[in-house]
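data_36.cif (mmCIF, C-alpha atoms and all ligand atoms)
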```cif
data_final
loop_
_atom_site.label_atom_id
_atom_site.label_comp_id
_atom_site.auth_asym_id
_atom_site.auth_seq_id
_atom_site.Cartn_x
_atom_site.Cartn_y
_atom_site.Cartn_z
CA MET A 1 15.80 -24.82 10.97
CA ILE A 2 13.95 -27.76 9.39
CA LYS A 3 11.12 -27.11 6.95
CA MET A 4 8.23 -29.39 7.91
CA GLU A 5 4.68 -29.73 6.62
CA GLN A 6 3.05 -27.06 4.46
CA LEU A 7 0.41 -25.30 6.55
CA TYR A 8 -1.01 -22.93 3.98
CA GLU A 9 -0.68 -21.88 0.36
CA GLY A 10 -1.74 -18.36 -0.50
CA LYS A 11 -1.77 -16.53 -3.81
CA ALA A 12 1.90 -15.48 -3.62
CA LYS A 13 3.44 -17.45 -0.74
CA LYS A 14 3.48 -20.81 1.00
CA VAL A 15 3.83 -21.20 4.75
CA PHE A 16 5.57 -24.18 6.37
CA ALA A 17 5.83 -25.40 9.95
CA THR A 18 9.29 -25.82 11.49
CA GLU A 19 10.53 -27.84 14.46
CA ASN A 20 10.22 -24.64 16.51
CA PRO A 21 6.53 -24.15 17.40
CA GLU A 22 7.01 -20.37 17.45
CA MET A 23 8.52 -20.14 13.94
CA TYR A 24 7.31 -20.60 10.39
CA ILE A 25 9.13 -20.61 7.06
CA VAL A 26 7.54 -18.59 4.23
CA GLU A 27 8.36 -19.37 0.62
CA TYR A 28 7.72 -16.71 -2.01
CA LYS A 29 6.31 -17.82 -5.41
CA ASP A 30 6.42 -16.15 -8.82
CA ASP A 31 2.62 -16.52 -9.09
CA ALA A 32 0.67 -13.31 -9.43
CA THR A 33 -3.07 -12.76 -9.15
CA ALA A 34 -5.28 -9.72 -9.28
CA PHE A 35 -8.94 -8.88 -8.80
CA ASN A 36 -9.39 -11.48 -6.05
CA GLY A 37 -7.74 -14.22 -8.07
CA LEU A 38 -9.72 -13.66 -11.31
CA LYS A 39 -6.56 -12.69 -13.21
CA LYS A 40 -3.70 -15.15 -12.93
CA GLY A 41 -0.13 -15.08 -14.20
CA THR A 42 3.53 -15.40 -13.42
CA ILE A 43 6.09 -12.67 -12.86
CA ALA A 44 9.49 -14.34 -13.41
CA GLY A 45 11.82 -13.75 -10.46
CA LYS A 46 9.19 -11.94 -8.40
CA GLY A 47 9.44 -14.38 -5.48
CA VAL A 48 13.14 -13.69 -5.05
CA ILE A 49 12.70 -9.92 -5.31
CA ASN A 50 9.74 -9.78 -2.92
CA ASN A 51 11.49 -12.00 -0.38
CA LYS A 52 14.68 -9.93 -0.36
CA MET A 53 12.99 -6.55 -0.54
CA SER A 54 10.48 -7.32 2.20
CA ASN A 55 13.22 -8.65 4.50
CA PHE A 56 15.43 -5.63 3.82
CA LEU A 57 12.61 -3.20 4.61
CA MET A 58 11.39 -5.09 7.68
CA GLN A 59 14.90 -4.97 9.17
CA LYS A 60 14.98 -1.20 8.58
CA LEU A 61 11.51 -0.88 10.13
CA GLU A 62 12.61 -2.81 13.24
CA GLU A 63 15.40 -0.24 13.60
CA ALA A 64 12.79 2.49 13.23
CA GLY A 65 10.77 0.98 16.11
CA VAL A 66 8.13 -1.09 14.29
CA PRO A 67 8.12 -4.73 15.48
CA THR A 68 7.91 -7.27 12.62
CA HIS A 69 7.65 -11.03 12.08
CA TYR A 70 11.08 -11.12 10.37
CA VAL A 71 13.68 -13.52 11.80
CA GLU A 72 16.15 -14.69 9.14
CA GLU A 73 16.43 -15.04 5.36
CA ILE A 74 17.51 -18.63 4.62
CA SER A 75 17.48 -18.66 0.81
CA ASP A 76 16.56 -16.49 -2.17
CA ARG A 77 12.88 -17.35 -1.71
CA GLU A 78 12.63 -18.52 1.90
CA THR A 79 12.54 -16.69 5.23
CA ILE A 80 12.08 -17.73 8.84
CA VAL A 81 9.36 -15.63 10.45
CA LYS A 82 7.74 -15.56 13.85
CA LYS A 83 4.53 -17.57 14.05
CA VAL A 84 1.57 -15.22 14.10
CA SER A 85 -2.15 -15.43 13.73
CA ILE A 86 -2.99 -12.86 11.09
CA VAL A 87 -5.35 -10.07 12.13
CA PRO A 88 -7.99 -10.33 9.37
CA LEU A 89 -7.65 -6.71 8.28
CA GLU A 90 -5.82 -5.28 5.29
CA VAL A 91 -4.46 -1.92 6.36
CA ILE A 92 -4.11 0.53 3.47
CA ILE A 93 -2.27 3.84 3.65
CA ARG A 94 -2.47 6.34 0.79
CA ASN A 95 -0.37 9.42 0.02
CA ILE A 96 -1.57 9.98 -3.56
CA SER A 97 -4.93 9.07 -5.16
CA ALA A 98 -4.89 5.86 -7.22
CA GLY A 99 -6.63 2.52 -7.67
CA SER A 100 -9.83 1.87 -5.74
CA PHE A 101 -9.71 5.31 -4.06
CA ALA A 102 -9.79 7.10 -7.43
CA LYS A 103 -12.53 4.77 -8.66
CA ARG A 104 -14.70 4.94 -5.52
CA TYR A 105 -14.69 8.72 -5.29
CA GLY A 106 -14.58 9.48 -9.02
CA VAL A 107 -11.31 11.40 -8.94
CA GLU A 108 -8.22 11.22 -11.11
CA GLU A 109 -5.11 9.32 -10.07
CA GLY A 110 -2.13 11.38 -8.92
CA ILE A 111 -3.70 13.88 -6.49
CA VAL A 112 -1.14 14.38 -3.71
CA PHE A 113 -2.92 14.40 -0.33
CA GLU A 114 -2.09 16.96 2.36
CA GLN A 115 -2.16 14.12 4.90
CA PRO A 116 -1.95 10.35 4.40
CA THR A 117 -5.19 8.36 4.70
CA ILE A 118 -5.85 5.00 6.33
CA GLU A 119 -8.53 2.45 5.62
CA PHE A 120 -9.18 -1.18 6.49
CA SER A 121 -10.50 -4.06 4.43
CA TYR A 122 -11.90 -7.21 6.00
CA LYS A 123 -9.73 -10.13 4.83
CA ASN A 124 -12.28 -12.50 3.34
CA ASP A 125 -11.79 -13.74 -0.23
CA ASP A 126 -15.41 -15.00 -0.51
CA LEU A 127 -16.63 -11.45 0.17
CA GLY A 128 -13.88 -9.80 -1.94
CA ASP A 129 -12.14 -8.14 1.04
CA PRO A 130 -14.83 -5.48 1.69
CA LEU A 131 -14.00 -2.07 3.14
CA ILE A 132 -14.66 -2.07 6.90
CA ASN A 133 -14.56 0.58 9.64
CA ASP A 134 -13.13 0.24 13.14
CA TYR A 135 -16.52 -0.25 14.81
CA HIS A 136 -17.44 -3.08 12.44
CA ALA A 137 -13.99 -4.68 12.86
CA ILE A 138 -14.48 -4.66 16.66
CA ALA A 139 -18.05 -6.01 16.32
CA LEU A 140 -16.72 -8.86 14.16
CA LYS A 141 -13.94 -9.48 16.71
CA ALA A 142 -11.34 -8.99 13.98
CA ALA A 143 -9.40 -6.84 16.47
CA THR A 144 -9.89 -4.92 19.70
CA ARG A 145 -9.98 -1.11 19.95
CA GLU A 146 -6.51 -1.17 21.49
CA GLU A 147 -5.14 -3.40 18.71
CA ILE A 148 -6.60 -1.14 16.02
CA GLU A 149 -5.03 1.91 17.68
CA LEU A 150 -1.62 0.23 17.80
CA ILE A 151 -1.93 -1.04 14.22
CA THR A 152 -2.84 2.49 13.08
CA LYS A 153 0.20 3.94 14.87
CA TYR A 154 2.51 1.33 13.32
CA ALA A 155 1.00 1.77 9.83
CA PHE A 156 1.64 5.54 9.85
CA ALA A 157 5.17 4.90 11.21
CA VAL A 158 5.77 2.53 8.27
CA ASN A 159 4.53 5.27 5.93
CA ASP A 160 6.82 7.92 7.44
CA PHE A 161 9.82 5.64 7.08
CA LEU A 162 9.03 4.09 3.68
CA LYS A 163 7.93 7.31 1.99
CA ALA A 164 11.18 9.07 2.96
CA TYR A 165 13.31 6.02 2.10
CA MET A 166 11.80 5.54 -1.37
CA LYS A 167 11.98 9.28 -2.11
CA LYS A 168 15.77 9.11 -1.76
CA LEU A 169 15.68 6.48 -4.53
CA GLY A 170 13.60 8.73 -6.78
CA ILE A 171 10.38 6.84 -6.08
CA ASP A 172 7.07 8.28 -4.87
CA LEU A 173 5.23 5.97 -2.45
CA VAL A 174 1.63 6.26 -3.68
CA ASP A 175 -0.07 3.74 -1.39
CA PHE A 176 0.46 0.33 0.19
CA LYS A 177 -1.22 -2.49 2.06
CA LEU A 178 0.01 -3.97 5.33
CA GLU A 179 -1.04 -6.98 7.36
CA PHE A 180 -0.37 -7.46 11.05
CA GLY A 181 -0.20 -10.62 13.14
CA LYS A 182 -0.39 -11.60 16.78
CA LEU A 183 2.34 -13.62 18.49
CA SER A 184 1.23 -16.32 20.93
CA ASP A 185 1.52 -13.77 23.79
CA GLY A 186 -0.75 -11.35 21.92
CA THR A 187 2.00 -8.93 20.79
CA ILE A 188 1.10 -7.21 17.52
CA VAL A 189 3.82 -7.30 14.82
CA LEU A 190 3.98 -6.32 11.16
CA ALA A 191 3.62 -9.49 9.05
CA ASP A 192 3.04 -10.53 5.41
CA GLU A 193 5.27 -8.57 2.99
CA ILE A 194 6.24 -5.13 1.70
CA SER A 195 6.98 -5.35 -2.01
CA PRO A 196 5.87 -4.11 -5.45
CA ASP A 197 2.96 -6.58 -5.04
CA THR A 198 1.64 -4.64 -2.06
CA CYS A 199 2.77 -1.05 -2.75
CA ARG A 200 2.30 1.44 -5.57
CA PHE A 201 5.63 2.96 -6.54
CA TRP A 202 5.88 5.71 -9.16
CA ASP A 203 9.13 7.11 -10.56
CA GLU A 204 9.22 10.68 -9.22
CA ASN A 205 10.19 12.20 -12.58
CA THR A 206 8.54 10.08 -15.27
CA HIS A 207 5.66 8.85 -13.03
CA GLU A 208 6.27 5.44 -14.58
CA LYS A 209 4.59 2.69 -12.57
CA LEU A 210 7.14 0.42 -10.88
CA ASP A 211 4.77 -2.07 -9.24
CA LYS A 212 2.09 -4.72 -9.71
CA ASP A 213 -0.22 -2.29 -11.51
CA ARG A 214 1.86 -3.16 -14.62
CA PHE A 215 0.47 -6.71 -14.27
CA ARG A 216 -3.04 -5.72 -13.13
CA ARG A 217 -3.44 -3.30 -16.06
CA ASP A 218 -1.48 -5.24 -18.73
CA LEU A 219 1.04 -2.44 -19.14
CA GLY A 220 3.98 -4.74 -20.01
CA GLY A 221 7.48 -4.47 -18.57
CA VAL A 222 6.38 -6.11 -15.33
CA GLU A 223 9.66 -7.92 -14.58
CA ASP A 224 11.68 -4.83 -15.54
CA ALA A 225 9.71 -2.73 -13.05
CA TYR A 226 10.31 -5.17 -10.16
CA ASN A 227 14.01 -5.37 -11.11
CA GLU A 228 14.30 -1.59 -11.23
CA VAL A 229 12.91 -1.14 -7.70
CA MET A 230 15.20 -3.90 -6.45
CA ARG A 231 18.21 -2.26 -8.14
CA ARG A 232 17.49 1.16 -6.64
CA LEU A 233 16.82 -0.28 -3.18
CA MET A 234 19.52 -2.90 -2.83
CA GLY A 235 21.86 -2.28 -5.76
CA GLU A 236 21.07 -5.75 -7.17
P1 LIG B 301 -6.39 -0.38 -4.12
O1 LIG B 301 -6.22 1.01 -4.64
O2 LIG B 301 -6.71 -1.39 -5.18
O3 LIG B 301 -7.35 -0.44 -2.96
O4 LIG B 301 -4.97 -0.83 -3.53
C1 LIG B 301 -4.34 -0.08 -2.53
C2 LIG B 301 -2.97 -0.68 -2.24
O5 LIG B 301 -3.07 -1.97 -1.68
C3 LIG B 301 -2.09 -0.86 -3.48
O6 LIG B 301 -0.75 -0.45 -3.15
C4 LIG B 301 -2.12 -2.31 -3.78
C5 LIG B 301 -2.38 -2.95 -2.44
N1 LIG B 301 -3.21 -4.14 -2.52
C6 LIG B 301 -2.73 -5.34 -2.06
O7 LIG B 301 -1.59 -5.45 -1.62
N2 LIG B 301 -3.56 -6.43 -2.12
C7 LIG B 301 -4.82 -6.37 -2.59
O8 LIG B 301 -5.52 -7.39 -2.62
C8 LIG B 301 -5.32 -5.09 -3.05
C9 LIG B 301 -6.71 -4.97 -3.58
C10 LIG B 301 -4.48 -4.01 -2.99
N1 LIG B 302 -3.46 -10.28 -5.19
C1 LIG B 302 -4.81 -9.81 -5.00
C2 LIG B 302 -5.82 -10.81 -5.48
O1 LIG B 302 -5.64 -11.61 -6.39
C3 LIG B 302 -5.19 -8.53 -5.61
C4 LIG B 302 -4.20 -7.50 -6.04
O2 LIG B 302 -3.08 -7.44 -5.54
O3 LIG B 302 -4.60 -6.70 -6.88
O4 LIG B 302 -6.87 -10.77 -4.94
#
```
Would you mind writing the structure in this file as structure tokens?
Amino acid sequence: MIKMEQLYEGKAKKVFATENPEMYIVEYKDDATAFNGLKKGTIAGKGVINNKMSNFLMQKLEEAGVPTHYVEEISDRETIVKKVSIVPLEVIIRNISAGSFAKRYGVEEGIVFEQPTIEFSYKNDDLGDPLINDYHAIALKAATREEIELITKYAFAVNDFLKAYMKKLGIDLVDFKLEFGKLSDGTIVLADEISPDTCRFWDENTHEKLDKDRFRRDLGGVEDAYNEVMRRLMGE
């Protein structure tokens, strides 16, 4: 597949057109941002890890019945994906209190929930991705009721799979963010990435953070954390 013009550059990835109008190539960067781009940095090797990890997990999720944008990994940092238009909602599932949940409700981090939670943010950098409910998302035409119901079903299916999979590696899945896209025929598929940039992973014994919170909170050992998750997941 030929990489053609760059269509988009995001905070962590670039998207390129290909000669196939239904396919894109994504290229993962080592750039890291936090707090809506206010904090900027580099995590050496992150692009390679996120590319490989996300592809590995998306293939497993396909097997578990969740359709994804994944097509083929073509290099350490590059993957062919199905062309989608991104549904402008960040879908966040939580199993354990942390981050903005702990802050918003004034509770400590680390409370294990009896049931996972779901919430949506409206993808809009100028507004700082505000929290949104289903009625508002429908009013804004971000998605239809049916699309939100399907996205919710897929997001909980991702949680069931990923939580169990990470547990076998000695990792607690605290929370994560998903994005979905629509193919040209309207089919909803899981898109974007699943990586330590978009998930909170805690070691089940030490509760050490093995994700981007090490960068967000200046905890040090950022690269080591990404490498450790990669090693446990893929033996690399
Ligand atoms: P939060 O606690 O800051 O709302 O984050 C919840 C989860 O979503 C966490 O695993 C990190 C992930 N996340 C992203 O992937 N992108 C973002 O822009 C934000 C704010 C969070
Ligand atoms: N990458 C996101 C940003 O810069 C935030 C985050 O992951 O914390 O907005």
(request) Please provide the set of residues having any atom within 12 Å of A:Lys167, restricted to only C-alpha atoms, with same-chain residues fewer than 4 positions apart removed, written as a ChimeraX atom specification. (result) /A:159-163,171-174,201-205,229,232-233
(request) Have a look at A:Leu178, A:Val222, A:Val15, A:Val48 and name the one nearest to ligand LIG 301 (chain B); count all atoms listed in the file. (result) A:Leu178
Once 6 Å is added on each side, what centre and edge lengths in Å to one decimal does the axis-aligned box around all listed atoms of ligand LIG 302 (chain B) have, as lines of an AutoDock Vina configuration file?
```
center_x = -5.0
center_y = -9.2
center_z = -5.9
size_x = 15.8
size_y = 16.9
size_z = 13.9
```
Can you work out which residues are within 6 Å of ligand LIG 302 (chain B), considering all atoms listed in the file, and then hand them over as a PDB file with C-alpha atoms, in the coordinates of the input?
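Output file part-v4.pdb is given in full below:
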```pdb
ATOM      1  CA  THR A  33      -3.070 -12.760  -9.150  1.00  0.00           C
ATOM      2  CA  ALA A  34      -5.280  -9.720  -9.280  1.00  0.00           C
ATOM      3  CA  PHE A  35      -8.940  -8.880  -8.800  1.00  0.00           C
ATOM      4  CA  ASN A  36      -9.390 -11.480  -6.050  1.00  0.00           C
ATOM      5  CA  GLY A  37      -7.740 -14.220  -8.070  1.00  0.00           C
TER       6      GLY A  37
END
```
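Near (17.1, -19.7, 1.4), the residues inside the 12 Å limit, counting only C-alpha atoms, come to Met1, Ile2, Lys3, Ile25, Val26, Glu27, Tyr28, Gly47, Val48, Asn51, Lys52, Glu72, Glu73, Ile74, Ser75, Asp76, Arg77, Glu78, Thr79 and Ile80 of chain A.
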(request) With only C-alpha atoms and all ligand atoms counted, collect every polymer residue having an atom within 7 Å of ligand LIG 301 (chain B); state the result as a ChimeraX atom specification. (result) /A:35-36,92,98-101,175-177,197-200
